[in-house]
>>> print(open('upload15.cif').read())   # mmCIF, C-alpha atoms and all ligand atoms
data_structure
#
loop_
_atom_site.label_atom_id
_atom_site.label_comp_id
_atom_site.auth_asym_id
_atom_site.auth_seq_id
_atom_site.Cartn_x
_atom_site.Cartn_y
_atom_site.Cartn_z
CA MET T 1 -62.85 -171.32 18.34
CA THR T 2 -65.49 -169.57 16.27
CA ALA T 3 -68.78 -168.45 17.81
CA PRO T 4 -71.96 -170.32 16.75
CA LEU T 5 -73.35 -168.97 13.50
CA PRO T 6 -76.34 -166.61 13.74
CA THR T 7 -79.49 -168.31 12.48
CA ALA T 8 -79.83 -166.11 9.40
CA ARG T 9 -76.35 -167.05 8.25
CA ARG T 10 -76.93 -170.71 8.94
CA VAL T 11 -80.06 -170.60 6.78
CA LEU T 12 -78.17 -168.77 4.04
CA GLU T 13 -75.36 -171.28 4.14
CA ALA T 14 -77.83 -174.17 4.08
CA THR T 15 -79.45 -172.64 0.99
CA SER T 16 -76.10 -172.21 -0.65
CA THR T 17 -75.16 -175.75 0.23
CA ALA T 18 -78.33 -177.13 -1.35
CA ALA T 19 -77.74 -175.12 -4.52
CA THR T 20 -74.14 -176.23 -4.55
CA LEU T 21 -75.03 -179.88 -4.22
CA MET T 22 -77.46 -179.46 -7.09
CA ALA T 23 -74.59 -178.01 -9.12
CA GLY T 24 -72.81 -181.35 -8.76
CA TYR T 25 -70.56 -180.82 -5.78
CA SER T 26 -70.42 -183.33 -2.98
CA GLU T 27 -69.91 -183.05 0.74
CA GLU T 28 -67.07 -185.52 0.77
CA ASP T 29 -65.41 -186.60 3.96
CA HIS T 30 -61.92 -185.12 4.09
CA SER T 31 -61.16 -186.16 7.64
CA ARG T 32 -58.85 -188.95 6.52
CA LEU T 33 -56.56 -186.64 4.53
CA ARG T 34 -53.39 -185.44 6.25
CA PRO T 35 -52.55 -182.85 7.33
CA LEU T 36 -55.71 -181.76 9.11
CA LEU T 37 -56.27 -178.02 8.85
CA GLY T 38 -59.49 -177.36 10.73
CA SER T 39 -63.11 -178.33 10.91
CA SER T 40 -65.70 -178.47 8.17
CA ARG T 41 -68.97 -176.58 8.67
CA PHE T 42 -70.62 -179.64 7.11
CA GLY T 43 -69.29 -181.71 10.04
CA GLY T 44 -66.02 -183.45 10.87
CA ALA T 45 -62.37 -182.57 10.53
CA PHE T 46 -60.96 -181.15 7.30
CA GLY T 47 -57.68 -182.40 5.85
CA TYR T 48 -56.01 -181.51 2.58
CA ASN T 49 -53.00 -182.86 0.73
CA PRO T 50 -52.57 -182.01 -2.97
CA PHE T 51 -50.17 -184.90 -3.57
CA THR T 52 -52.54 -187.49 -2.07
CA LEU T 53 -55.49 -186.02 -3.96
CA TYR T 54 -53.51 -185.98 -7.20
CA ARG T 55 -52.42 -189.59 -6.79
CA ALA T 56 -56.02 -190.62 -6.08
CA GLY T 57 -57.18 -188.84 -9.25
CA ALA T 58 -59.37 -186.46 -7.23
CA VAL T 59 -57.60 -183.42 -8.74
CA SER T 60 -55.79 -183.10 -12.05
CA SER T 61 -53.48 -180.30 -10.88
CA PRO T 62 -51.65 -180.05 -7.55
CA ASN T 63 -51.65 -176.22 -7.68
CA ALA T 64 -53.76 -173.96 -5.50
CA LEU T 65 -54.75 -170.32 -5.13
CA VAL T 66 -55.69 -168.63 -1.86
CA LEU T 67 -57.78 -165.47 -2.20
CA GLY T 68 -59.39 -162.99 0.15
CA LYS T 69 -59.45 -159.53 1.69
CA ILE T 70 -56.55 -158.15 3.71
CA GLY T 71 -56.11 -159.55 7.21
CA ASN T 72 -58.51 -162.49 6.92
CA GLY T 73 -56.02 -165.30 7.50
CA LYS T 74 -54.56 -166.17 4.09
CA SER T 75 -50.92 -166.13 5.21
CA ALA T 76 -51.81 -167.73 8.55
CA LEU T 77 -53.38 -170.64 6.68
CA VAL T 78 -50.30 -170.94 4.45
CA LYS T 79 -47.99 -170.92 7.48
CA SER T 80 -49.90 -173.60 9.38
CA TYR T 81 -50.35 -175.63 6.17
CA LEU T 82 -46.60 -175.55 5.43
CA ALA T 83 -45.75 -176.55 9.01
CA ARG T 84 -48.22 -179.43 8.93
CA MET T 85 -47.22 -180.60 5.45
CA LEU T 86 -43.65 -180.74 6.73
CA ALA T 87 -44.79 -182.83 9.71
CA ASN T 88 -46.25 -185.21 7.11
CA GLY T 89 -42.98 -185.44 5.18
CA PHE T 90 -43.41 -182.68 2.57
CA PRO T 91 -40.80 -179.90 2.64
CA ALA T 92 -41.55 -176.41 1.35
CA LEU T 93 -40.19 -173.18 0.01
CA VAL T 94 -41.99 -169.88 0.35
CA ILE T 95 -41.45 -166.67 -1.60
CA ASP T 96 -41.78 -164.15 1.19
CA PRO T 97 -42.24 -160.59 -0.12
CA LYS T 98 -42.97 -159.05 3.27
CA GLY T 99 -40.32 -160.87 5.31
CA GLU T 100 -42.94 -162.47 7.60
CA TYR T 101 -42.13 -166.19 7.21
CA GLY T 102 -38.69 -166.09 8.88
CA PRO T 103 -39.89 -167.19 12.36
CA LEU T 104 -41.86 -170.08 10.83
CA ALA T 105 -38.85 -171.22 8.81
CA GLU T 106 -36.58 -170.92 11.86
CA HIS T 107 -38.97 -172.89 14.02
CA PHE T 108 -40.06 -175.64 11.65
CA GLY T 109 -37.39 -175.69 9.03
CA GLU T 110 -34.23 -174.47 7.51
CA GLY T 111 -34.53 -170.78 8.24
CA ALA T 112 -34.77 -167.77 6.00
CA VAL T 113 -32.61 -167.14 2.97
CA SER T 114 -32.28 -163.37 2.63
CA LEU T 115 -31.49 -162.41 -0.91
CA MET T 116 -30.04 -159.02 -1.84
CA ARG T 117 -28.80 -158.42 1.71
CA GLY T 118 -25.23 -159.57 1.29
CA GLY T 119 -25.84 -163.34 1.38
CA GLU T 120 -25.29 -165.90 -1.37
CA GLY T 121 -27.55 -165.56 -4.36
CA VAL T 122 -29.37 -168.19 -6.40
CA ASN T 123 -28.49 -169.81 -9.71
CA PRO T 124 -31.58 -170.04 -11.92
CA PHE T 125 -29.83 -171.91 -14.73
CA VAL T 126 -30.61 -175.57 -15.45
CA PRO T 127 -27.53 -177.76 -15.96
CA PRO T 128 -28.01 -179.63 -19.27
CA SER T 129 -27.39 -182.94 -17.48
CA ALA T 130 -30.57 -182.38 -15.42
CA CYS T 131 -32.89 -182.64 -18.42
CA ASP T 132 -32.35 -182.63 -22.18
CA THR T 133 -29.82 -180.17 -23.57
CA SER T 134 -32.20 -178.22 -25.79
CA THR T 135 -34.82 -177.72 -23.04
CA ALA T 136 -32.11 -176.57 -20.62
CA LEU T 137 -30.76 -174.16 -23.24
CA GLU T 138 -34.23 -172.67 -23.89
CA PHE T 139 -34.85 -172.22 -20.14
CA ASN T 140 -31.41 -170.66 -19.66
CA CYS T 141 -31.55 -168.27 -22.64
CA GLU T 142 -34.93 -167.07 -21.40
CA MET T 143 -33.51 -166.40 -17.91
CA ALA T 144 -30.46 -164.52 -19.22
CA GLU T 145 -32.58 -162.41 -21.57
CA ARG T 146 -35.06 -161.63 -18.77
CA ALA T 147 -32.14 -160.44 -16.61
CA ILE T 148 -30.82 -158.21 -19.41
CA GLN T 149 -34.31 -156.84 -20.04
CA ALA T 150 -34.93 -156.06 -16.37
CA LEU T 151 -31.57 -154.39 -15.78
CA ALA T 152 -31.02 -152.69 -19.14
CA GLY T 153 -34.63 -151.47 -19.13
CA ARG T 154 -35.32 -152.75 -22.67
CA PRO T 155 -35.75 -156.15 -24.34
CA ALA T 156 -32.53 -157.97 -25.30
CA THR T 157 -31.50 -157.26 -28.91
CA SER T 158 -31.21 -160.13 -31.41
CA LEU T 159 -27.41 -159.77 -31.26
CA GLU T 160 -27.51 -160.09 -27.47
CA GLY T 161 -29.88 -163.06 -27.76
CA ALA T 162 -27.58 -164.83 -30.24
CA SER T 163 -24.51 -164.08 -28.10
CA VAL T 164 -26.16 -165.32 -24.91
CA ARG T 165 -27.23 -168.52 -26.70
CA SER T 166 -23.72 -169.08 -28.06
CA VAL T 167 -22.07 -168.65 -24.63
CA LEU T 168 -24.66 -170.64 -22.68
CA SER T 169 -24.53 -173.60 -25.08
CA ALA T 170 -20.74 -173.80 -24.59
CA LEU T 171 -20.89 -173.67 -20.77
CA GLY T 172 -22.43 -177.10 -20.19
CA ASP T 173 -23.06 -177.88 -16.54
CA GLU T 174 -20.92 -174.91 -15.43
CA VAL T 175 -23.72 -172.58 -16.47
CA ALA T 176 -23.89 -169.51 -14.18
CA PHE T 177 -23.93 -165.71 -14.45
CA LEU T 178 -20.20 -164.98 -14.02
CA PRO T 179 -19.10 -167.44 -16.77
CA LEU T 180 -21.86 -165.98 -18.96
CA ARG T 181 -20.52 -162.48 -18.38
CA ARG T 182 -16.95 -163.60 -19.16
CA GLY T 183 -18.16 -165.35 -22.32
CA LEU T 184 -19.94 -162.20 -23.53
CA VAL T 185 -16.81 -160.08 -22.96
CA ALA T 186 -14.74 -162.63 -24.93
CA LEU T 187 -17.28 -162.67 -27.77
CA ASP T 188 -17.23 -158.88 -27.91
CA GLU T 189 -13.44 -158.96 -28.33
CA ARG T 190 -13.69 -161.61 -31.03
CA GLY T 191 -16.25 -159.63 -33.06
CA GLY T 192 -19.57 -161.22 -32.09
CA PRO T 193 -21.07 -164.69 -31.94
CA PRO T 194 -20.00 -167.32 -34.50
CA GLY T 195 -22.12 -167.16 -37.67
CA TRP T 196 -23.41 -163.62 -36.91
CA LEU T 197 -24.27 -162.06 -40.27
CA GLY T 198 -25.47 -158.68 -39.05
CA ARG T 199 -23.35 -155.59 -38.50
CA TYR T 200 -21.01 -155.73 -35.54
CA SER T 201 -18.90 -153.14 -33.83
CA ARG T 202 -16.80 -153.59 -30.76
CA GLY T 203 -18.68 -152.72 -27.59
CA SER T 204 -22.06 -153.89 -28.94
CA LEU T 205 -22.38 -156.25 -25.98
CA ALA T 206 -21.28 -153.66 -23.40
CA GLU T 207 -24.84 -152.88 -22.22
CA ALA T 208 -25.63 -156.56 -21.73
CA VAL T 209 -22.38 -157.02 -19.77
CA ALA T 210 -23.19 -153.94 -17.64
CA ALA T 211 -26.67 -155.37 -16.95
CA LEU T 212 -25.11 -158.63 -15.75
CA ASP T 213 -22.68 -156.66 -13.57
CA ARG T 214 -25.61 -154.90 -11.93
CA LEU T 215 -27.36 -158.24 -11.41
CA LEU T 216 -24.25 -159.80 -9.82
CA ASP T 217 -23.77 -156.71 -7.60
CA SER T 218 -27.40 -156.91 -6.41
CA GLY T 219 -26.71 -160.13 -4.50
CA LEU T 220 -29.72 -161.76 -6.12
CA VAL T 221 -27.77 -164.35 -8.11
CA SER T 222 -24.67 -166.35 -7.34
CA ALA T 223 -21.61 -165.78 -9.50
CA GLY T 224 -20.73 -169.43 -9.96
CA ARG T 225 -22.47 -172.75 -10.36
CA ARG T 226 -23.01 -173.19 -6.62
CA THR T 227 -26.54 -172.25 -5.66
CA GLY T 228 -25.42 -171.53 -2.12
CA SER T 229 -27.77 -171.77 0.80
CA LEU T 230 -30.88 -172.48 -1.27
CA ALA T 231 -29.45 -175.66 -2.82
CA SER T 232 -28.22 -176.99 0.50
CA ARG T 233 -31.49 -176.26 2.32
CA LEU T 234 -34.16 -177.02 -0.26
CA GLY T 235 -36.07 -180.21 0.42
CA LYS T 236 -35.08 -180.46 4.09
CA GLY T 237 -37.63 -178.28 5.86
CA ILE T 238 -39.36 -174.98 5.31
CA VAL T 239 -37.17 -172.45 3.50
CA ALA T 240 -38.39 -168.86 3.42
CA VAL T 241 -36.82 -166.71 0.72
CA ASP T 242 -37.02 -163.20 2.08
CA LEU T 243 -37.45 -160.80 -0.85
CA SER T 244 -38.61 -157.88 1.26
CA ALA T 245 -35.53 -155.91 0.13
CA ALA T 246 -36.96 -155.88 -3.40
CA PHE T 247 -40.73 -155.88 -2.78
CA GLY T 248 -42.27 -152.76 -4.28
CA SER T 249 -39.30 -152.13 -6.57
CA THR T 250 -38.93 -152.91 -10.27
CA LEU T 251 -36.48 -155.68 -9.34
CA TYR T 252 -39.09 -157.67 -7.40
CA SER T 253 -40.59 -159.65 -10.27
CA LEU T 254 -37.11 -160.52 -11.56
CA ALA T 255 -36.05 -161.60 -8.07
CA ALA T 256 -39.09 -163.86 -7.60
CA THR T 257 -38.62 -165.30 -11.11
CA MET T 258 -34.96 -166.07 -10.41
CA VAL T 259 -35.86 -167.87 -7.19
CA LEU T 260 -38.63 -169.93 -8.82
CA ALA T 261 -36.32 -170.75 -11.74
CA SER T 262 -33.65 -171.92 -9.24
CA VAL T 263 -36.24 -174.15 -7.60
CA ARG T 264 -37.13 -175.49 -11.07
CA ALA T 265 -33.44 -176.20 -11.77
CA LEU T 266 -33.01 -178.02 -8.44
CA GLN T 267 -36.25 -179.98 -8.80
CA LEU T 268 -35.21 -181.20 -12.24
CA GLN T 269 -32.30 -183.05 -10.61
CA PRO T 270 -33.02 -186.77 -10.22
CA GLY T 271 -34.23 -187.85 -6.77
CA SER T 272 -35.53 -184.45 -5.67
CA PRO T 273 -38.39 -184.71 -3.13
CA ARG T 274 -41.93 -183.53 -3.72
CA LEU T 275 -42.13 -179.92 -2.66
CA VAL T 276 -44.73 -177.31 -1.75
CA VAL T 277 -43.88 -173.88 -3.18
CA ALA T 278 -45.90 -170.99 -1.78
CA VAL T 279 -45.84 -167.57 -3.44
CA ASP T 280 -47.36 -164.97 -1.14
CA GLU T 281 -48.71 -161.77 -2.74
CA ILE T 282 -48.56 -163.44 -6.17
CA TRP T 283 -50.42 -160.47 -7.68
CA ALA T 284 -47.10 -158.59 -7.56
CA LEU T 285 -45.84 -160.92 -10.29
CA ALA T 286 -48.86 -160.16 -12.47
CA GLU T 287 -47.94 -156.51 -12.92
CA ASP T 288 -45.25 -157.18 -15.50
CA PRO T 289 -46.64 -159.05 -18.56
CA GLU T 290 -43.33 -160.87 -19.24
CA THR T 291 -43.23 -162.20 -15.68
CA ALA T 292 -46.91 -163.11 -15.85
CA ARG T 293 -46.28 -165.18 -18.99
CA TRP T 294 -43.27 -166.86 -17.40
CA LEU T 295 -45.25 -167.61 -14.26
CA ARG T 296 -47.98 -169.33 -16.28
CA SER T 297 -45.50 -171.66 -17.95
CA TYR T 298 -43.75 -172.38 -14.62
CA TRP T 299 -47.15 -173.07 -12.99
CA LYS T 300 -48.06 -175.55 -15.73
CA LEU T 301 -44.79 -177.43 -15.23
CA SER T 302 -45.64 -178.29 -11.61
CA ARG T 303 -46.43 -181.97 -12.26
CA ALA T 304 -43.11 -182.58 -14.05
CA LEU T 305 -41.25 -180.86 -11.21
CA GLY T 306 -43.03 -182.68 -8.36
CA ILE T 307 -44.18 -179.30 -7.05
CA SER T 308 -47.49 -178.23 -5.62
CA ASN T 309 -47.63 -174.44 -6.08
CA LEU T 310 -49.74 -172.27 -3.80
CA GLY T 311 -50.34 -168.65 -4.77
CA VAL T 312 -51.80 -166.06 -2.40
CA THR T 313 -53.61 -162.97 -3.66
CA HIS T 314 -56.41 -160.57 -2.76
CA ARG T 315 -58.86 -160.75 -5.65
CA LEU T 316 -59.31 -162.52 -8.96
CA SER T 317 -59.03 -159.18 -10.71
CA ASP T 318 -55.46 -158.86 -9.38
CA LEU T 319 -54.63 -161.93 -11.45
CA ARG T 320 -56.30 -160.68 -14.61
CA GLN T 321 -52.96 -159.94 -16.20
CA VAL T 322 -51.65 -163.40 -15.40
CA ALA T 323 -54.81 -165.09 -16.54
CA GLY T 324 -55.51 -162.70 -19.41
CA PRO T 325 -58.87 -161.10 -20.08
CA THR T 326 -60.45 -164.17 -21.65
CA THR T 327 -58.29 -167.13 -20.74
CA THR T 328 -58.02 -168.15 -17.12
CA ALA T 329 -54.93 -170.31 -17.48
CA LEU T 330 -53.50 -169.78 -14.04
CA LEU T 331 -56.89 -170.34 -12.46
CA GLN T 332 -57.52 -173.43 -14.54
CA ASP T 333 -54.16 -174.84 -13.61
CA SER T 334 -54.87 -174.18 -9.92
CA GLU T 335 -57.53 -176.73 -9.35
CA THR T 336 -57.77 -175.95 -5.67
CA VAL T 337 -59.05 -172.53 -4.67
CA VAL T 338 -59.39 -171.31 -1.09
CA ALA T 339 -61.67 -168.27 -0.81
CA PHE T 340 -61.54 -166.16 2.35
CA ALA T 341 -63.95 -163.24 2.89
CA MET T 342 -64.11 -160.89 -0.11
CA GLU T 343 -66.19 -157.87 -1.11
CA LEU T 344 -69.53 -159.08 -2.47
CA SER T 345 -68.67 -157.98 -6.03
CA ASP T 346 -65.35 -159.88 -5.90
CA ALA T 347 -67.07 -162.93 -4.46
CA ALA T 348 -69.67 -162.80 -7.26
CA GLU T 349 -66.90 -162.66 -9.85
CA PHE T 350 -65.14 -165.54 -8.09
CA CYS T 351 -68.32 -167.68 -8.21
CA ARG T 352 -68.77 -166.87 -11.92
CA GLU T 353 -65.17 -167.77 -12.79
CA ARG T 354 -65.29 -171.00 -10.81
CA GLY T 355 -68.74 -172.07 -11.99
CA LEU T 356 -70.24 -171.90 -8.50
CA PRO T 357 -73.87 -171.02 -7.68
CA PRO T 358 -74.19 -167.19 -7.48
CA ASP T 359 -75.85 -167.28 -4.05
CA LEU T 360 -72.60 -168.62 -2.60
CA ALA T 361 -71.10 -165.13 -3.13
CA ARG T 362 -73.00 -163.74 -0.15
CA THR T 363 -71.74 -166.59 2.05
CA ILE T 364 -68.14 -165.88 0.98
CA SER T 365 -68.52 -162.14 1.58
CA ARG T 366 -69.64 -162.85 5.17
CA LEU T 367 -66.96 -165.33 6.19
CA SER T 368 -65.18 -164.50 9.43
CA LYS T 369 -61.40 -164.35 9.90
CA GLY T 370 -59.79 -167.78 9.63
CA SER T 371 -62.71 -169.33 7.69
CA ALA T 372 -62.71 -170.07 3.97
CA LEU T 373 -64.49 -171.92 1.21
CA TRP T 374 -62.35 -174.68 -0.32
CA GLN T 375 -63.10 -175.86 -3.85
CA PHE T 376 -61.22 -178.68 -5.55
CA GLY T 377 -62.26 -181.54 -7.80
CA LYS T 378 -65.87 -182.25 -6.96
CA SER T 379 -65.43 -181.05 -3.38
CA LEU T 380 -66.67 -177.89 -1.77
CA CYS T 381 -66.15 -177.27 1.94
CA LEU T 382 -66.60 -174.37 4.34
CA VAL T 383 -63.67 -174.71 6.71
CA ASP T 384 -62.76 -173.05 10.01
CA HIS T 385 -58.97 -173.18 10.23
CA ARG T 386 -57.59 -173.95 13.67
CA LEU T 387 -54.16 -172.67 14.67
CA THR T 388 -52.12 -174.31 17.43
CA ALA T 389 -50.74 -172.07 20.19
CA THR T 390 -47.31 -172.11 18.53
CA GLU T 391 -48.75 -171.33 15.11
CA ARG T 392 -50.72 -168.43 16.59
CA ILE T 393 -47.44 -166.80 17.63
CA LEU T 394 -45.72 -167.60 14.34
CA CYS T 395 -48.70 -166.33 12.31
CA ASP T 396 -49.31 -163.13 14.24
CA THR T 397 -49.05 -160.26 11.78
CA ASP T 398 -51.22 -157.98 13.96
CA GLY T 399 -48.76 -157.88 16.88
CA ARG T 400 -47.20 -154.60 15.84
CA LEU T 401 -50.61 -153.02 15.40
CA ARG T 402 -51.40 -153.97 18.97
CA GLY T 403 -48.01 -152.60 20.08
CA GLU T 404 -46.58 -156.01 21.02
CA ASN T 405 -43.01 -157.03 20.37
CA GLN T 406 -43.07 -160.30 18.42
CA ALA T 407 -39.48 -161.04 19.41
CA ASP T 408 -40.67 -161.38 23.01
CA ALA T 409 -43.13 -164.11 22.14
CA ARG T 410 -42.27 -167.38 23.81
CA LEU T 411 -42.75 -170.35 21.53
CA GLY T 412 -44.06 -173.58 22.96
CA GLY T 413 -42.95 -176.93 21.54
CA GLU T 414 -46.33 -178.50 20.88
CA GLY T 415 -47.63 -179.14 17.40
CA GLY T 416 -51.10 -180.57 17.87
CA GLY T 417 -53.84 -180.78 15.31
CA ARG T 418 -51.77 -182.38 12.60
N1 LIG B 1 -57.50 -169.23 11.94
C1 LIG B 1 -57.06 -168.22 12.70
N2 LIG B 1 -57.17 -168.25 14.04
C2 LIG B 1 -56.70 -167.23 14.81
N3 LIG B 1 -56.08 -166.13 14.32
C3 LIG B 1 -55.94 -166.03 13.00
C4 LIG B 1 -56.41 -167.07 12.11
N4 LIG B 1 -56.11 -166.70 10.85
C5 LIG B 1 -55.48 -165.52 10.94
N5 LIG B 1 -55.38 -165.11 12.22
C6 LIG B 1 -54.72 -163.88 12.67
O1 LIG B 1 -55.18 -162.79 11.89
C7 LIG B 1 -54.13 -161.91 11.55
C8 LIG B 1 -54.11 -161.65 10.06
O2 LIG B 1 -53.90 -162.87 9.39
P1 LIG B 1 -52.98 -162.98 8.08
O3 LIG B 1 -51.69 -162.29 8.27
O4 LIG B 1 -52.94 -164.41 7.74
O5 LIG B 1 -53.89 -162.17 7.04
P2 LIG B 1 -53.74 -162.08 5.46
O6 LIG B 1 -55.06 -162.49 4.88
O7 LIG B 1 -52.56 -162.80 4.99
O8 LIG B 1 -53.56 -160.51 5.27
P3 LIG B 1 -52.75 -159.70 4.12
O9 LIG B 1 -53.64 -159.66 2.93
O10 LIG B 1 -52.59 -158.33 4.74
O11 LIG B 1 -51.46 -160.39 3.88
C9 LIG B 1 -52.83 -162.56 12.07
O12 LIG B 1 -52.37 -161.87 13.20
C10 LIG B 1 -53.21 -163.96 12.39
O13 LIG B 1 -52.50 -164.48 13.49
MG MG B 2 -50.76 -162.17 4.14
#
>>> encode(input="upload15.cif", output="structure tokens")
Amino acid sequence: MTAPLPTARRVLEATSTAATLMAGYSEEDHSRLRPLLGSSRFGGAFGYNPFTLYRAGAVSSPNALVLGKIGNGKSALVKSYLARMLANGFPALVIDPKGEYGPLAEHFGEGAVSLMRGGEGVNPFVPPSACDTSTALEFNCEMAERAIQALAGRPATSLEGASVRSVLSALGDEVAFLPLRRGLVALDERGGPPGWLGRYSRGSLAEAVAALDRLLDSGLVSAGRRTGSLASRLGKGIVAVDLSAAFGSTLYSLAATMVLASVRALQLQPGSPRLVVAVDEIWALAEDPETARWLRSYWKLSRALGISNLGVTHRLSDLRQVAGPTTTALLQDSETVVAFAMELSDAAEFCRERGLPPDLARTISRLSKGSALWQFGKSLCLVDHRLTATERILCDTDGRLRGENQADARLGGEGGGR
């Protein structure tokens, strides 16, 4: 429960609300949307569901961004949101860079998939039968070249690009990294890809093959077509993909890309369920321009994939590289934005970018932990998120700071507030 607002803040928020309403936003009633996530400062319960809103034409994109200073409840909101979306029939996958979503996934879903720790890897390639052959080939060439670039430390050469394309187009639905590696070795022995007019000497594909060997050894990708535990678990509950082994290393953006591409490949299969995909600490994918570009195109594909993406970051400026200095593509394609407390200067920038009245910046900068401003469609709401007792335990990232052992926490079975 949050304490009553001091009068000065209430006045400030009332002023902001008036200005906001003048700017064309409405205080719509969101209490009928499921799941419920908390209470609106404008009165009543607050529910949110991107799929329902999209179907009703209230938003034109099902994607969302969650922003705010460290420790203000961004991940806690995502955790309770994923649990409650699942209770309403929407499964989820979360890219978990800090390894903090495992307990949530164990409790409400399918558990954590730990990549690069000796388990089965993912297969990011799209089988041509899942969509049209040329689209699948473009997606797959891009993935293979990104892997070569990340592990060889330089962009793929045109010879490597042509060779990859030649092998991948011959693999059909058996497309995977080990057959690709074998195909490149065979091409190297035969003197290069068919129709190659440039110079060729034996061993020209050795660096690409070595890069694929390193990728296969990393445990990030599966050798064969089988996508292992991700394919069997996706769409059934909450799946947390633990990438903490790579977070902070140069492999992280490749790892996250491979996982998202695997989700794309699985979602392109007929009959796949609508899915929430959360990417915590999404700023870490903005650091590498190639990944940032890829992320933008993946983000835009959400409607075709039946995915509602949810990115979590600290500030808008962290996303500058994704959005670019002038375009704000990722922001524009994330119609929902959830703003937790930010520094005043960040909040002012946020209000500018989102076309909100400038005086709302002060309100955002003074939000308390667990409270956020939601903006989507024509709606604007100040929301206090309420965690259930179980969620409180599953969301507790401060336990270690307080010297508590999270493993000792006893989880209750209730799931109220949904
Ligand atoms: N609505 C809430 N009610 C009660 N406690 C909350 C609420 N939101 C967050 N907390 C608690 O606050 C702490 C920090 O929250 P959280 O981990 O979500 O922060 P964060 O914004 O994701 O931080 P970071 O940027 O470091 O990832 C957690 O221990 C969490 O349990
Ligand atoms: Mg967090």
>>> closest_residue(input="upload15.cif", among="T:Val277, T:Leu285, T:Ala105, T:Ala261", to="T:Ser249", atoms="only C-alpha atoms")
T:Leu285
>>> residues_around(input="upload15.cif", residues="T:Pro35", least_positions_apart="3", cutoff="10 Å", atoms="all atoms listed in the file", output="list in words")
Ser31, Arg32, Gly38, Phe46, Gly47, Tyr48, Asn49, Ser80, Tyr81, Leu82, Ala83, Arg84, Met85, Leu86, Ala87, Asn88, Gly417 and Arg418 of chain T
>>> residues_near_ligand(input="upload15.cif", ligand="ligand LIG 1 (chain B)", cutoff="7 Å", atoms="all atoms listed in the file", output="VMD selection string")
chain T and resid 68 to 77 314 369 to 371 384 to 387 392 to 393 395 to 399
>>> write_last_selection(input="upload15.cif", atoms="C-alpha atoms", output="mmCIF file, in the frame of the given file")
data_model
loop_
_atom_site.group_PDB
_atom_site.id
_atom_site.type_symbol
_atom_site.label_atom_id
_atom_site.label_comp_id
_atom_site.auth_asym_id
_atom_site.auth_seq_id
_atom_site.Cartn_x
_atom_site.Cartn_y
_atom_site.Cartn_z
ATOM 1 C CA GLY T 68 -59.390 -162.990 0.150
ATOM 2 C CA LYS T 69 -59.450 -159.530 1.690
ATOM 3 C CA ILE T 70 -56.550 -158.150 3.710
ATOM 4 C CA GLY T 71 -56.110 -159.550 7.210
ATOM 5 C CA ASN T 72 -58.510 -162.490 6.920
ATOM 6 C CA GLY T 73 -56.020 -165.300 7.500
ATOM 7 C CA LYS T 74 -54.560 -166.170 4.090
ATOM 8 C CA SER T 75 -50.920 -166.130 5.210
ATOM 9 C CA ALA T 76 -51.810 -167.730 8.550
ATOM 10 C CA LEU T 77 -53.380 -170.640 6.680
ATOM 11 C CA HIS T 314 -56.410 -160.570 -2.760
ATOM 12 C CA LYS T 369 -61.400 -164.350 9.900
ATOM 13 C CA GLY T 370 -59.790 -167.780 9.630
ATOM 14 C CA SER T 371 -62.710 -169.330 7.690
ATOM 15 C CA ASP T 384 -62.760 -173.050 10.010
ATOM 16 C CA HIS T 385 -58.970 -173.180 10.230
ATOM 17 C CA ARG T 386 -57.590 -173.950 13.670
ATOM 18 C CA LEU T 387 -54.160 -172.670 14.670
ATOM 19 C CA ARG T 392 -50.720 -168.430 16.590
ATOM 20 C CA ILE T 393 -47.440 -166.800 17.630
ATOM 21 C CA CYS T 395 -48.700 -166.330 12.310
ATOM 22 C CA ASP T 396 -49.310 -163.130 14.240
ATOM 23 C CA THR T 397 -49.050 -160.260 11.780
ATOM 24 C CA ASP T 398 -51.220 -157.980 13.960
ATOM 25 C CA GLY T 399 -48.760 -157.880 16.880
#
>>> closest_residue(input="upload15.cif", among="T:Met116, T:Ala304, T:Ala58, T:Ala339", to="T:Leu316", atoms="only C-alpha atoms")
T:Ala339
>>> closest_residue(input="upload15.cif", among="T:Tyr252, T:Trp283, T:Trp196, T:Trp374", to="ligand MG 2 (chain B)", atoms="all atoms listed in the file")
T:Trp283
>>> atom_distance(input="upload15.cif", atom1="atom CA of T:Asn63", atom2="atom CA of T:Val241")
19.5 Å
>>> closest_residue(input="upload15.cif", among="T:Pro128, T:Pro357, T:Gly102, T:Gly192", to="T:Leu159", atoms="all atoms listed in the file")
T:Gly192
